[in-house]
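Notes to accompany the following structure.
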Amino acid sequence: PAPGRIRDANRPLLAALLGDLGAEVLDLGIVGDDAAQLADALASAAADADAVITSGGVSVGDYDLVKQVLASLGGIQFWKVALQPGKPFAFGALGDTPFFGLPGNPVSVLVSFEQLVRPALLQRMGARLLFRPRVPGRLTAAVRTDPDRTVFLRVQASCGERGWEAAPLAGQGSHLLWGVARANAFAVVPAVVERLEAGAAVELEMFRWPEARTMEEALG
């Protein structure tokens with residue numbers, strides 16, 4: 001695409017998520033699809049930070065260079081996870097500095113950060129409660145999901161007389177950040193499940209409510 005045609009949603013998203021943890025963010029900007037530039041940027045980041053996080057460049061395209069460069073600078077411990085969205089995720093090290101390579105689509109960034117990066121950073125910060133609270137709920141509409149992966153549906157959850165109910169939002173694509181902006185929870189659908197009917201029981205991971213991060217968790 002021509003310059004200015006792709007909006008950078010991932011950097012402000014990650015900065016906000018990291019700020020919520022109390023982390024100091026060093027924003028090193030955008031690096032082009034050039035292996036030498038990327039190697040310099042990653043080496044500089046590893047020297048200045050306690051952890052390095054990137055978004056994009058970890059899939060299988062010709063310009064997805066992060067894995068290649070990471071292998072030359074440190075090592076990859078694993079690549080690809082059975083999450084939807086968020087499959088192209090890479091974890092490794094740049095010397096002694098942990099590296100988290102997130103996907104490029106913004107909803108995939110959010111899900112992989114919440115499930116993989118956030119708990120790891122909280123543990124390194126000395127916290128004892130590492131995960132978002134989960135509550136049982138029921139879907140208000142039928143959904144189809146990928147049986148090969150654990151799926152994190154974006155939902156609007158509300159608590160009524162019958163307990164928590166979750167309304168799946170339209171636009172579940174990994175590029176549709178507006179759906180996340182309207183959501184307050186993930187409905188977590190385990191792998192091997194292909195369809196859930198309206199009224200089916202699900203586990204709701206609450207990421208936007210007052211109890212999403214307790215004082216105990218914040219203080220460790």
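Letters A, B, ... mark the chains of the structure tokens in the order given; residue numbers begin at 1 per chain; ligand numbers begin at 1, in order shown.
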Considering only C-alpha atoms, tabulate each residue of segment 29-67 of chain A that lies at most 10 Å from segment 116-123 of chain A along with its nearest interatomic pair and the corresponding distance in Å to one decimal; arrange the rows by chain and ascending residue number and present them as a tab-separated table.
```
residue	atom	partner	partner_atom	distance
A:Asp50	CA	A:Leu121	CA	9.5
A:Ala51	CA	A:Leu121	CA	8.3
A:Ile53	CA	A:Val117	CA	8.8
```
Write out the residues from the selection above, keeping all heavy atoms, as a PDB file, in the first residue's frame.
```
ATOM      1  N   ASP A  50      13.839  -4.169  29.691  1.00  0.00           N
ATOM      2  CA  ASP A  50      13.741  -5.442  30.412  1.00  0.00           C
ATOM      3  C   ASP A  50      13.024  -6.508  29.596  1.00  0.00           C
ATOM      4  O   ASP A  50      13.123  -7.699  29.908  1.00  0.00           O
ATOM      5  CB  ASP A  50      13.002  -5.236  31.731  1.00  0.00           C
ATOM      6  CG  ASP A  50      13.743  -4.297  32.666  1.00  0.00           C
ATOM      7  OD1 ASP A  50      14.972  -4.448  32.808  1.00  0.00           O
ATOM      8  OD2 ASP A  50      13.093  -3.398  33.243  1.00  0.00           O
ATOM      9  N   ALA A  51      12.275  -6.098  28.585  1.00  0.00           N
ATOM     10  CA  ALA A  51      11.591  -7.022  27.684  1.00  0.00           C
ATOM     11  C   ALA A  51      11.346  -6.280  26.380  1.00  0.00           C
ATOM     12  O   ALA A  51      11.185  -5.054  26.375  1.00  0.00           O
ATOM     13  CB  ALA A  51      10.271  -7.520  28.270  1.00  0.00           C
ATOM     14  N   ILE A  53       8.957  -6.128  22.883  1.00  0.00           N
ATOM     15  CA  ILE A  53       7.701  -6.544  22.262  1.00  0.00           C
ATOM     16  C   ILE A  53       7.619  -5.918  20.873  1.00  0.00           C
ATOM     17  O   ILE A  53       7.831  -4.716  20.721  1.00  0.00           O
ATOM     18  CB  ILE A  53       6.487  -6.091  23.092  1.00  0.00           C
ATOM     19  CG1 ILE A  53       6.561  -6.673  24.510  1.00  0.00           C
ATOM     20  CG2 ILE A  53       5.185  -6.503  22.415  1.00  0.00           C
ATOM     21  CD1 ILE A  53       5.496  -6.114  25.435  1.00  0.00           C
TER      22      ILE A  53
END
```
Please identify the strand (DSSP E or B) residues within segment 6-220 of chain A (assignment by DSSP from backbone atoms) and present them as a PyMOL selection string. chain A and resi 52-55+75-79+83-84+90-94+97-102+134-139+143-144+150-160+163-168+185-189+195-196+201-206
What is the atom CA of Glu165 of chain A-atom CA of Gly137 of chain A distance in Å, reported with one decimal?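 According to the coordinates, atom CA of Glu165 of chain A and atom CA of Gly137 of chain A are separated by 5.3 Å.
Nearest residue to Trp164 of chain A, choosing from A:Asp96, A:Glu203, A:Asp8, A:Asp27 and counting only C-alpha atoms: A:Glu203.
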DSSP on the backbone: what in segment 144-198 of chain A comes out alpha helix (DSSP H), as a short mmCIF file (atom, residue, chain, number, x, y, z; two decimals) with all heavy atoms, in the first residue's frame?
```cif
data_model
loop_
_atom_site.label_atom_id
_atom_site.label_comp_id
_atom_site.auth_asym_id
_atom_site.auth_seq_id
_atom_site.Cartn_x
_atom_site.Cartn_y
_atom_site.Cartn_z
N LEU A 177 -10.83 -3.78 15.05
CA LEU A 177 -10.60 -3.31 16.41
C LEU A 177 -11.84 -2.68 17.02
O LEU A 177 -11.97 -2.63 18.25
CB LEU A 177 -9.44 -2.30 16.41
CG LEU A 177 -8.82 -1.94 17.75
CD1 LEU A 177 -8.35 -3.17 18.49
CD2 LEU A 177 -7.66 -0.96 17.56
N TRP A 178 -12.77 -2.23 16.19
CA TRP A 178 -13.97 -1.59 16.74
C TRP A 178 -14.78 -2.57 17.58
O TRP A 178 -15.44 -2.17 18.54
CB TRP A 178 -14.83 -1.01 15.62
CG TRP A 178 -15.43 -2.01 14.68
CD1 TRP A 178 -14.91 -2.45 13.50
CD2 TRP A 178 -16.67 -2.71 14.84
NE1 TRP A 178 -15.74 -3.38 12.93
CE2 TRP A 178 -16.83 -3.55 13.72
CE3 TRP A 178 -17.66 -2.71 15.82
CZ2 TRP A 178 -17.91 -4.39 13.55
CZ3 TRP A 178 -18.77 -3.54 15.65
CH2 TRP A 178 -18.89 -4.37 14.53
N GLY A 179 -14.71 -3.87 17.24
CA GLY A 179 -15.42 -4.85 18.04
C GLY A 179 -14.86 -4.96 19.44
O GLY A 179 -15.60 -5.13 20.42
N VAL A 180 -13.54 -4.85 19.56
CA VAL A 180 -12.90 -4.88 20.88
C VAL A 180 -13.29 -3.65 21.68
O VAL A 180 -13.51 -3.71 22.90
CB VAL A 180 -11.37 -4.96 20.73
CG1 VAL A 180 -10.68 -4.77 22.07
CG2 VAL A 180 -10.97 -6.29 20.13
N ALA A 181 -13.40 -2.50 21.01
CA ALA A 181 -13.75 -1.27 21.71
C ALA A 181 -15.13 -1.37 22.35
O ALA A 181 -15.40 -0.73 23.37
CB ALA A 181 -13.70 -0.08 20.74
N ARG A 182 -16.01 -2.18 21.79
CA ARG A 182 -17.37 -2.35 22.33
C ARG A 182 -17.46 -3.49 23.33
O ARG A 182 -18.46 -3.64 24.02
CB ARG A 182 -18.35 -2.58 21.18
CG ARG A 182 -18.46 -1.43 20.20
CD ARG A 182 -19.35 -1.79 19.04
NE ARG A 182 -20.70 -2.15 19.50
CZ ARG A 182 -21.58 -2.83 18.77
NH1 ARG A 182 -21.24 -3.26 17.55
NH2 ARG A 182 -22.77 -3.09 19.24
#
```
Counting only C-alpha atoms, the residue among A:Ala46, A:Leu73, A:Ala39, A:Ile30 that lies closest to Arg11 of chain A is A:Ile30
Gap from atom CA of Val202 of chain A to atom CA of Phe89 of chain A - Å, one decimal: 25.0 Å
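Near segment 22-25 of chain A, within 12 Å and counting only C-alpha atoms, sit A:Arg11, A:Pro12, A:Leu13, A:Leu14, A:Ala15, A:Ala16, A:Leu17, A:Ala45, A:Asp48, A:Ala49, A:Asp50, A:Ala51, A:Val52, A:Ile53, A:Arg118, A:Leu121, A:Leu122, A:Arg124, A:Met125, A:Ala127, A:Arg213, A:Glu217, A:Ala218, A:Leu219, A:Gly220; same-chain residues fewer than 5 positions away were not included.
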Quick one: everything within 9 Å of Gly86 of chain A, counting only C-alpha atoms, minus sequence neighbours fewer than 4 positions away in the same chain. Send it as a ChimeraX atom specification. /A:80-82,102-103,105,107-113,174
Which neighbours of segment 158-163 of chain A fall inside 12 Å, counting only C-alpha atoms, when residues of the same chain fewer than 4 positions from it are skipped, and could you give them as a list in words? Val135, Pro136, Gly137, Arg138, Leu139, Thr140, Ala167, Pro168, Ala183, Asn184, Ala185, Gly199, Ala201, Leu204, Met206, Arg208 and Trp209 of chain A
Report the distance between atom CA of Gly171 of chain A and atom CA of Gln156 of chain A in Å, rounded to one decimal place. 13.0 Å
Taking only C-alpha atoms into account, name the residue in A:Phe131, A:Leu70, A:Gln37, A:Pro190 that is nearest to Leu83 of chain A. A:Pro190
Find the residues around Val66 of chain A up to 9 Å (only C-alpha atoms counted), leave out those fewer than 2 positions away in its own chain, and share them as a PyMOL selection string. chain A and resi 35+38-39+54+56-59+63-64+68-71+90+101
